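Chemist: Enclosed is the structure file work_10.cif (mmCIF, C-alpha atoms, pLDDT in the B column; chains and numbers go by the auth columns).
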```
data_input
#
loop_
_atom_site.group_PDB
_atom_site.id
_atom_site.type_symbol
_atom_site.label_atom_id
_atom_site.label_comp_id
_atom_site.label_asym_id
_atom_site.label_seq_id
_atom_site.Cartn_x
_atom_site.Cartn_y
_atom_site.Cartn_z
_atom_site.B_iso_or_equiv
_atom_site.auth_seq_id
_atom_site.auth_asym_id
ATOM 1 C CA MET A 1 -2.245 12.876 -18.111 57.00 194 A
ATOM 2 C CA ASP A 2 -4.756 10.089 -18.620 64.00 195 A
ATOM 3 C CA SER A 3 -6.313 9.347 -15.214 63.00 196 A
ATOM 4 C CA GLY A 4 -7.084 5.773 -16.275 67.00 197 A
ATOM 5 C CA ASP A 5 -3.482 4.808 -17.061 76.00 198 A
ATOM 6 C CA ARG A 6 -2.382 2.775 -14.046 80.00 199 A
ATOM 7 C CA TYR A 7 1.270 2.551 -15.032 85.00 200 A
ATOM 8 C CA LEU A 8 1.787 6.294 -15.501 87.00 201 A
ATOM 9 C CA ASN A 9 -0.215 7.133 -12.391 84.00 202 A
ATOM 10 C CA ALA A 10 1.766 4.620 -10.329 86.00 203 A
ATOM 11 C CA LYS A 11 5.070 6.055 -11.586 90.00 204 A
ATOM 12 C CA ASN A 12 3.803 9.572 -10.881 90.00 205 A
ATOM 13 C CA ALA A 13 2.715 8.589 -7.359 88.00 206 A
ATOM 14 C CA LYS A 14 6.053 6.912 -6.673 91.00 207 A
ATOM 15 C CA THR A 15 7.917 10.024 -7.810 93.00 208 A
ATOM 16 C CA LEU A 16 5.730 12.222 -5.604 93.00 209 A
ATOM 17 C CA MET A 17 6.409 9.921 -2.649 91.00 210 A
ATOM 18 C CA ARG A 18 10.129 10.231 -3.202 93.00 211 A
ATOM 19 C CA GLU A 19 9.690 14.014 -3.133 94.00 212 A
ATOM 20 C CA ASP A 20 7.902 13.589 0.254 91.00 213 A
ATOM 21 C CA LYS A 21 4.542 14.739 -1.165 92.00 214 A
ATOM 22 C CA VAL A 22 2.493 11.961 0.417 89.00 215 A
ATOM 23 C CA GLU A 23 -0.910 13.668 0.201 89.00 216 A
ATOM 24 C CA GLU A 24 -0.517 14.399 -3.520 91.00 217 A
ATOM 25 C CA ALA A 25 0.701 10.853 -4.162 89.00 218 A
ATOM 26 C CA THR A 26 -2.292 9.459 -2.286 84.00 219 A
ATOM 27 C CA THR A 27 -4.637 11.532 -4.442 85.00 220 A
ATOM 28 C CA VAL A 28 -2.992 10.212 -7.614 84.00 221 A
ATOM 29 C CA THR A 29 -3.054 6.631 -6.323 82.00 222 A
ATOM 30 C CA LEU A 30 -6.738 6.867 -5.475 78.00 223 A
ATOM 31 C CA LEU A 31 -7.471 7.616 -9.148 77.00 224 A
ATOM 32 C CA PHE A 32 -6.841 3.979 -10.049 74.00 225 A
ATOM 33 C CA THR A 33 -7.630 2.212 -6.754 70.00 226 A
ATOM 34 C CA ARG A 34 -10.940 3.854 -5.962 61.00 227 A
ATOM 35 C CA ASP A 35 -13.407 1.626 -4.147 55.00 228 A
ATOM 36 C CA PRO A 36 -16.944 3.010 -4.005 45.00 229 A
ATOM 37 C CA ILE A 37 -17.526 1.405 -0.601 47.00 230 A
ATOM 38 C CA SER A 38 -14.366 2.401 1.262 49.00 231 A
ATOM 39 C CA ASN A 39 -11.931 5.323 1.212 51.00 232 A
ATOM 40 C CA ASP A 40 -9.209 3.116 2.728 57.00 233 A
ATOM 41 C CA PHE A 41 -8.874 0.848 -0.305 51.00 234 A
ATOM 42 C CA ILE A 42 -5.104 1.191 -0.695 57.00 235 A
ATOM 43 C CA GLY A 43 -4.471 -0.753 2.505 55.00 236 A
ATOM 44 C CA TYR A 44 -7.149 -3.256 1.661 58.00 237 A
ATOM 45 C CA ILE A 45 -5.554 -4.293 -1.624 60.00 238 A
ATOM 46 C CA GLN A 46 -2.165 -4.655 0.095 64.00 239 A
ATOM 47 C CA CYS A 47 -0.401 -2.250 -2.230 77.00 240 A
ATOM 48 C CA MET A 48 3.001 -2.745 -0.673 85.00 241 A
ATOM 49 C CA TRP A 49 5.036 -0.522 -2.986 86.00 242 A
ATOM 50 C CA TYR A 50 2.788 2.369 -1.978 85.00 243 A
ATOM 51 C CA GLU A 51 3.134 1.586 1.713 87.00 244 A
ATOM 52 C CA ILE A 52 6.922 1.242 1.505 90.00 245 A
ATOM 53 C CA GLU A 53 7.271 4.549 -0.316 91.00 246 A
ATOM 54 C CA ALA A 54 4.864 6.304 2.081 90.00 247 A
ATOM 55 C CA SER A 55 6.706 4.930 5.090 92.00 248 A
ATOM 56 C CA ASN A 56 10.043 6.123 3.701 94.00 249 A
ATOM 57 C CA ALA A 57 8.595 9.561 2.896 93.00 250 A
ATOM 58 C CA TYR A 58 7.229 9.951 6.425 93.00 251 A
ATOM 59 C CA LEU A 59 10.540 8.762 7.836 94.00 252 A
ATOM 60 C CA ARG A 60 12.431 11.387 5.816 94.00 253 A
ATOM 61 C CA SER A 61 9.936 13.999 7.036 93.00 254 A
ATOM 62 C CA ARG A 62 10.600 12.873 10.635 95.00 255 A
ATOM 63 C CA LYS A 63 6.991 11.774 11.131 94.00 256 A
ATOM 64 C CA PHE A 64 8.042 8.614 12.912 96.00 257 A
ATOM 65 C CA LEU A 65 4.655 7.521 14.239 95.00 258 A
ATOM 66 C CA LYS A 66 3.030 7.592 10.786 92.00 259 A
ATOM 67 C CA SER A 67 5.981 5.706 9.339 93.00 260 A
ATOM 68 C CA PHE A 68 5.790 3.112 12.107 94.00 261 A
ATOM 69 C CA ASN A 69 2.040 2.623 11.589 92.00 262 A
ATOM 70 C CA ILE A 70 2.514 1.993 7.881 89.00 263 A
ATOM 71 C CA CYS A 71 5.354 -0.463 8.580 91.00 264 A
ATOM 72 C CA THR A 72 3.047 -2.283 10.996 92.00 265 A
ATOM 73 C CA HIS A 73 0.490 -2.644 8.192 87.00 266 A
ATOM 74 C CA LEU A 74 3.214 -4.088 5.960 88.00 267 A
ATOM 75 C CA VAL A 75 4.162 -6.691 8.550 90.00 268 A
ATOM 76 C CA ASN A 76 0.489 -7.576 8.974 89.00 269 A
ATOM 77 C CA HIS A 77 0.231 -8.236 5.225 87.00 270 A
ATOM 78 C CA PHE A 78 2.962 -10.845 5.519 89.00 271 A
ATOM 79 C CA TYR A 79 1.289 -12.431 8.542 91.00 272 A
ATOM 80 C CA GLN A 80 -1.873 -12.676 6.439 88.00 273 A
ATOM 81 C CA PHE A 81 0.075 -14.281 3.575 88.00 274 A
ATOM 82 C CA ILE A 82 1.582 -16.857 5.928 91.00 275 A
ATOM 83 C CA GLU A 83 -1.773 -17.575 7.557 90.00 276 A
ATOM 84 C CA ASP A 84 -3.414 -18.099 4.169 89.00 277 A
ATOM 85 C CA GLN A 85 -0.666 -20.500 3.104 88.00 278 A
ATOM 86 C CA VAL A 86 -0.893 -22.490 6.340 87.00 279 A
ATOM 87 C CA ILE A 87 -4.644 -22.880 5.886 85.00 280 A
ATOM 88 C CA ILE A 88 -4.133 -24.124 2.318 85.00 281 A
ATOM 89 C CA ILE A 89 -1.495 -26.618 3.455 84.00 282 A
ATOM 90 C CA LEU A 90 -3.705 -27.883 6.274 82.00 283 A
ATOM 91 C CA LYS A 91 -6.634 -28.345 3.900 83.00 284 A
ATOM 92 C CA LEU A 92 -4.441 -30.306 1.477 81.00 285 A
ATOM 93 C CA ASN A 93 -3.148 -32.542 4.258 82.00 286 A
ATOM 94 C CA LEU A 94 -6.659 -33.239 5.552 76.00 287 A
ATOM 95 C CA ALA A 95 -8.004 -34.160 2.121 65.00 288 A
#
```
Render the structure in this file as structure tokens.
Modeler:
Amino acid sequence: MDSGDRYLNAKNAKTLMREDKVEEATTVTLLFTRDPISNDFIGYIQCMWYEIEASNAYLRSRKFLKSFNICTHLVNHFYQFIEDQVIIILKLNLA
């Protein structure tokens, strides 16, 4: 498989997640999200489909703490979205 094809790699990673193979899926996902500065780039880019699938895979594997931690990251993404929108609205109202 072409390691540069984001669509196929994303579909492959999603399928691996649904088979509860989180480590393999993470390896595949890192092929197209690699950041030379950080190894934790998946969380940084707020790749929510990945986090949802990983959380569900850990939940099925009865690894509740890992699943909870990933869900917490998801909620934090939405807090960040809301905060960004509030700042934009405040800047528009002050202008």
Chemist: Quick one, how far is atom CA of Asp277 of chain A from atom CA of Leu223 of chain A?
Modeler: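 Interatomic distance, atom CA of Asp277 of chain A to atom CA of Leu223 of chain A: 27.0 Å.
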Chemist: Written as number ranges by chain, which residues does the PyMOL selection byres ((chain A and resi 249-266) around 9) give for the file shown?
Modeler: A: 210-215, 236, 239, 244-248, 267-271
Chemist: Figure out the distance between atom CA of Tyr272 of chain A and atom CA of Lys284 of chain A, please, to one decimal in Å.
Modeler: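 Computing it gives 18.4 Å between the two atoms.
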Chemist: Atom CA of Cys240 of chain A to atom CA of Glu276 of chain A: how many Å, to one decimal?
Modeler: 18.2 Å
Chemist: Under the rule that only C-alpha atoms are counted, which of A:Thr226, A:Tyr243, A:Asn286, A:Thr220 is the nearest residue to Lys207 of chain A?
Modeler: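 Using only C-alpha atoms, the shortest distance to Lys207 of chain A belongs to A:Tyr243.
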